Amino acid sequence: TLANVVIQTEICERLLEKDLDEAKKELEELKYAARMTLQELRKIIFNLRPSSLDDLGLQAVTKRFCEEFEDDTGIKTEFYFFGNYRRLDSEIEVTLFRVIQEALTNVRKHSKARNCLVKLEYSNERINLVVADDGIGFKSWERDESDLKHFGIMTIKERVDLINGSFNIESAPGKGTKIYVSVPFKL
């Protein structure tokens, strides 16, 4: 997009000498492209390390992320929270948020879903996460690093393993997909 902005700028420079009205049109398109690029850049920065996760916590940031996901994709996305909310170790909160991001990215790219559910549940010593969709599903998943179509799932499993959590996925053609994550924590 930024390369395109540079090209559009060069076109505008040439048009300013020949056709002022056409140059104005190009500048309007350039302004729109710059705004969209800035908006996308903000999303990328947020996704790298959402500072609001530190400020607001996992529950609030997940709720906002689900709302934005629904707005961006048109996939109805419901977020449910159960239990007594408390701040967790930063590593756990970041990992769970990354799992949610990756799971919803998979929903967007592959599921053809119309509806999605994200559920966080705090118990006394565990936090449980479910991400489910009503999409096309798939046959099976085996950890096979040569199988790039399941790379997102492998990434989720590896992240969960690093914080001593458990991971399970259920899917079948035409039946959607459900991802289950459970992570122990100490108070």
# chains A, B, ... in the order shown; residues from 1 in each chain; ligands from 1
$ residues_around --residues "Ile127 (chain A)" --least-positions-apart "2" --cutoff "6 Å" --atoms "only C-alpha atoms" --output "ChimeraX atom specification"
/A:121-122,182-183
$ write_last_selection --atoms "all heavy atoms" --output "compact mmCIF listing (two decimals), in the first residue's frame"
# COMPACT_ATOMS: atom_id res chain seq x y z
N GLU A 121 -13.79 -18.54 30.64
CA GLU A 121 -14.36 -18.97 31.92
C GLU A 121 -13.23 -19.10 32.95
O GLU A 121 -12.29 -19.85 32.75
CB GLU A 121 -15.06 -20.31 31.74
CG GLU A 121 -15.67 -20.84 33.01
CD GLU A 121 -16.32 -22.20 32.79
OE1 GLU A 121 -15.86 -22.97 31.91
OE2 GLU A 121 -17.29 -22.48 33.51
N TYR A 122 -13.37 -18.32 34.01
CA TYR A 122 -12.40 -18.37 35.11
C TYR A 122 -12.96 -19.28 36.19
O TYR A 122 -14.06 -19.06 36.69
CB TYR A 122 -12.20 -16.98 35.72
CG TYR A 122 -11.31 -16.06 34.93
CD1 TYR A 122 -11.64 -15.66 33.64
CD2 TYR A 122 -10.15 -15.56 35.48
CE1 TYR A 122 -10.84 -14.80 32.93
CE2 TYR A 122 -9.34 -14.68 34.77
CZ TYR A 122 -9.69 -14.31 33.50
OH TYR A 122 -8.89 -13.46 32.80
N SER A 182 -7.36 -24.86 28.04
CA SER A 182 -7.48 -24.75 29.48
C SER A 182 -6.08 -24.53 30.05
O SER A 182 -5.15 -25.26 29.72
CB SER A 182 -8.09 -26.02 30.07
OG SER A 182 -8.30 -25.87 31.46
N VAL A 183 -5.95 -23.47 30.88
CA VAL A 183 -4.65 -23.08 31.38
C VAL A 183 -4.70 -22.95 32.91
O VAL A 183 -5.57 -22.25 33.43
CB VAL A 183 -4.20 -21.73 30.78
CG1 VAL A 183 -2.86 -21.31 31.33
CG2 VAL A 183 -4.16 -21.82 29.26
$ residues_around --residues "region 9-15 of chain A" --least-positions-apart "4" --cutoff "9 Å" --atoms "only C-alpha atoms" --output "list in words"
Asn4, Val5, Asp19, Leu20, Asp21, Glu22, Ala23, Lys24, Glu26, Leu27 and Leu30 of chain A
$ closest_residue --among "A:Gln101, A:Ser90, A:Ser123, A:Asn128" --to "Asn168 (chain A)" --atoms "only C-alpha atoms"
A:Asn128
$ select_by_dssp --residues "region 10-150 of chain A" --states "alpha helix (DSSP H)" --output "VMD selection string"
chain A and resid 10 to 18 20 to 48 51 to 56 58 to 73 90 to 106
$ residues_around --residues "region 57-64 of chain A" --least-positions-apart "4" --cutoff "9 Å" --atoms "only C-alpha atoms" --output "VMD selection string"
chain A and resid 50 52 to 53 68 to 69 78 to 81 85 to 88 93 to 94 96 to 97 100 118 120
$ write_last_selection --atoms "N, CA, C and O atoms" --output "compact mmCIF listing (two decimals), in the first residue's frame"
# COMPACT_ATOMS: atom_id res chain seq x y z
N PRO A 50 -0.91 -5.50 22.26
CA PRO A 50 -1.97 -4.57 22.64
C PRO A 50 -1.72 -3.97 24.02
O PRO A 50 -1.83 -4.66 25.03
N SER A 52 -3.50 -2.06 25.56
CA SER A 52 -4.74 -2.07 26.33
C SER A 52 -4.88 -3.38 27.12
O SER A 52 -5.61 -3.42 28.10
N LEU A 53 -4.17 -4.42 26.71
CA LEU A 53 -4.19 -5.66 27.48
C LEU A 53 -3.59 -5.42 28.86
O LEU A 53 -4.11 -5.88 29.87
N GLU A 68 -14.77 -5.82 17.02
CA GLU A 68 -14.08 -5.37 15.82
C GLU A 68 -14.06 -6.47 14.76
O GLU A 68 -14.21 -6.19 13.57
N PHE A 69 -13.86 -7.72 15.20
CA PHE A 69 -13.86 -8.85 14.27
C PHE A 69 -15.21 -8.94 13.57
O PHE A 69 -15.27 -9.10 12.34
N GLU A 78 -20.15 -13.65 19.17
CA GLU A 78 -20.61 -13.43 20.53
C GLU A 78 -19.48 -13.73 21.51
O GLU A 78 -18.75 -14.70 21.34
N PHE A 79 -19.37 -12.88 22.52
CA PHE A 79 -18.35 -13.07 23.55
C PHE A 79 -19.06 -13.27 24.88
O PHE A 79 -19.94 -12.50 25.26
N TYR A 80 -18.68 -14.34 25.57
CA TYR A 80 -19.25 -14.64 26.90
C TYR A 80 -18.12 -14.76 27.90
O TYR A 80 -17.06 -15.31 27.59
N PHE A 81 -18.38 -14.27 29.08
CA PHE A 81 -17.42 -14.37 30.17
C PHE A 81 -18.13 -14.95 31.39
O PHE A 81 -19.21 -14.50 31.75
N TYR A 85 -13.63 -12.46 37.53
CA TYR A 85 -12.50 -11.92 36.79
C TYR A 85 -11.40 -11.46 37.73
O TYR A 85 -11.64 -10.87 38.76
N ARG A 86 -10.18 -11.77 37.35
CA ARG A 86 -9.00 -11.27 38.05
C ARG A 86 -7.87 -11.21 37.04
O ARG A 86 -7.86 -11.94 36.05
N ARG A 87 -6.93 -10.33 37.29
CA ARG A 87 -5.78 -10.22 36.41
C ARG A 87 -4.90 -11.45 36.59
O ARG A 87 -4.70 -11.93 37.70
N LEU A 88 -4.39 -11.93 35.48
CA LEU A 88 -3.51 -13.09 35.48
C LEU A 88 -2.10 -12.64 35.12
O LEU A 88 -1.88 -11.51 34.71
N GLU A 93 -2.10 -13.98 29.94
CA GLU A 93 -3.05 -13.11 29.26
C GLU A 93 -2.66 -12.88 27.80
O GLU A 93 -3.50 -12.96 26.91
N VAL A 94 -1.39 -12.62 27.55
CA VAL A 94 -0.93 -12.40 26.18
C VAL A 94 -1.11 -13.66 25.34
O VAL A 94 -1.60 -13.60 24.21
N LEU A 96 -3.23 -16.17 25.78
CA LEU A 96 -4.65 -16.43 25.50
C LEU A 96 -5.19 -15.46 24.45
O LEU A 96 -5.96 -15.85 23.57
N PHE A 97 -4.76 -14.21 24.54
CA PHE A 97 -5.20 -13.25 23.53
C PHE A 97 -4.67 -13.63 22.15
O PHE A 97 -5.40 -13.56 21.15
N ILE A 100 -6.78 -16.39 20.79
CA ILE A 100 -8.06 -15.87 20.28
C ILE A 100 -7.86 -15.22 18.92
O ILE A 100 -8.63 -15.47 17.99
N VAL A 118 -16.90 -16.84 21.31
CA VAL A 118 -15.68 -16.85 22.11
C VAL A 118 -16.12 -16.83 23.56
O VAL A 118 -16.89 -15.95 23.96
N LEU A 120 -14.74 -17.15 27.61
CA LEU A 120 -13.70 -17.23 28.63
C LEU A 120 -14.36 -17.58 29.95
O LEU A 120 -15.38 -16.99 30.31
$ select_by_dssp --residues "chain A" --states "strand (DSSP E)" --output "mmCIF file with C-alpha atoms, in the first residue's frame"
data_model
loop_
_atom_site.group_PDB
_atom_site.id
_atom_site.type_symbol
_atom_site.label_atom_id
_atom_site.label_comp_id
_atom_site.auth_asym_id
_atom_site.auth_seq_id
_atom_site.Cartn_x
_atom_site.Cartn_y
_atom_site.Cartn_z
ATOM 1 C CA LYS A 76 -21.741 -12.586 14.068
ATOM 2 C CA THR A 77 -19.354 -12.982 17.001
ATOM 3 C CA GLU A 78 -20.613 -13.434 20.534
ATOM 4 C CA PHE A 79 -18.355 -13.068 23.547
ATOM 5 C CA TYR A 80 -19.251 -14.636 26.897
ATOM 6 C CA PHE A 81 -17.422 -14.370 30.173
ATOM 7 C CA PHE A 82 -18.041 -16.538 33.239
ATOM 8 C CA ASN A 115 -21.569 -17.218 13.514
ATOM 9 C CA CYS A 116 -18.756 -17.478 15.992
ATOM 10 C CA LEU A 117 -18.528 -17.759 19.770
ATOM 11 C CA VAL A 118 -15.678 -16.848 22.107
ATOM 12 C CA LYS A 119 -16.055 -17.909 25.730
ATOM 13 C CA LEU A 120 -13.697 -17.226 28.635
ATOM 14 C CA GLU A 121 -14.358 -18.966 31.924
ATOM 15 C CA TYR A 122 -12.402 -18.374 35.110
ATOM 16 C CA ARG A 126 -7.894 -22.567 35.640
ATOM 17 C CA ILE A 127 -8.993 -20.350 32.826
ATOM 18 C CA ASN A 128 -10.868 -22.059 30.023
ATOM 19 C CA LEU A 129 -11.273 -20.714 26.524
ATOM 20 C CA VAL A 130 -13.597 -21.904 23.783
ATOM 21 C CA VAL A 131 -13.687 -20.537 20.246
ATOM 22 C CA ALA A 132 -16.411 -22.134 18.129
ATOM 23 C CA ASP A 133 -17.835 -21.457 14.670
ATOM 24 C CA SER A 166 -4.119 -28.154 27.365
ATOM 25 C CA PHE A 167 -5.454 -27.841 23.833
ATOM 26 C CA ASN A 168 -8.129 -29.754 21.964
ATOM 27 C CA ILE A 169 -9.929 -29.204 18.696
ATOM 28 C CA GLU A 170 -13.136 -30.742 17.408
ATOM 29 C CA SER A 171 -14.193 -30.401 13.811
ATOM 30 C CA THR A 177 -14.943 -26.145 14.516
ATOM 31 C CA LYS A 178 -14.440 -25.826 18.276
ATOM 32 C CA ILE A 179 -11.140 -25.026 19.924
ATOM 33 C CA TYR A 180 -10.746 -25.730 23.636
ATOM 34 C CA VAL A 181 -7.917 -24.354 25.743
ATOM 35 C CA SER A 182 -7.475 -24.751 29.481
ATOM 36 C CA VAL A 183 -4.648 -23.082 31.383
ATOM 37 C CA PRO A 184 -3.746 -23.444 35.076
#
$ closest_residue --among "A:Thr155, A:Glu40, A:Cys66, A:Gln8" --to "Glu28 (chain A)" --atoms "only C-alpha atoms"
A:Gln8
$ atom_distance --atom1 "CA of Lys175 (chain A)" --atom2 "CA of Thr73 (chain A)"
20.2 Å
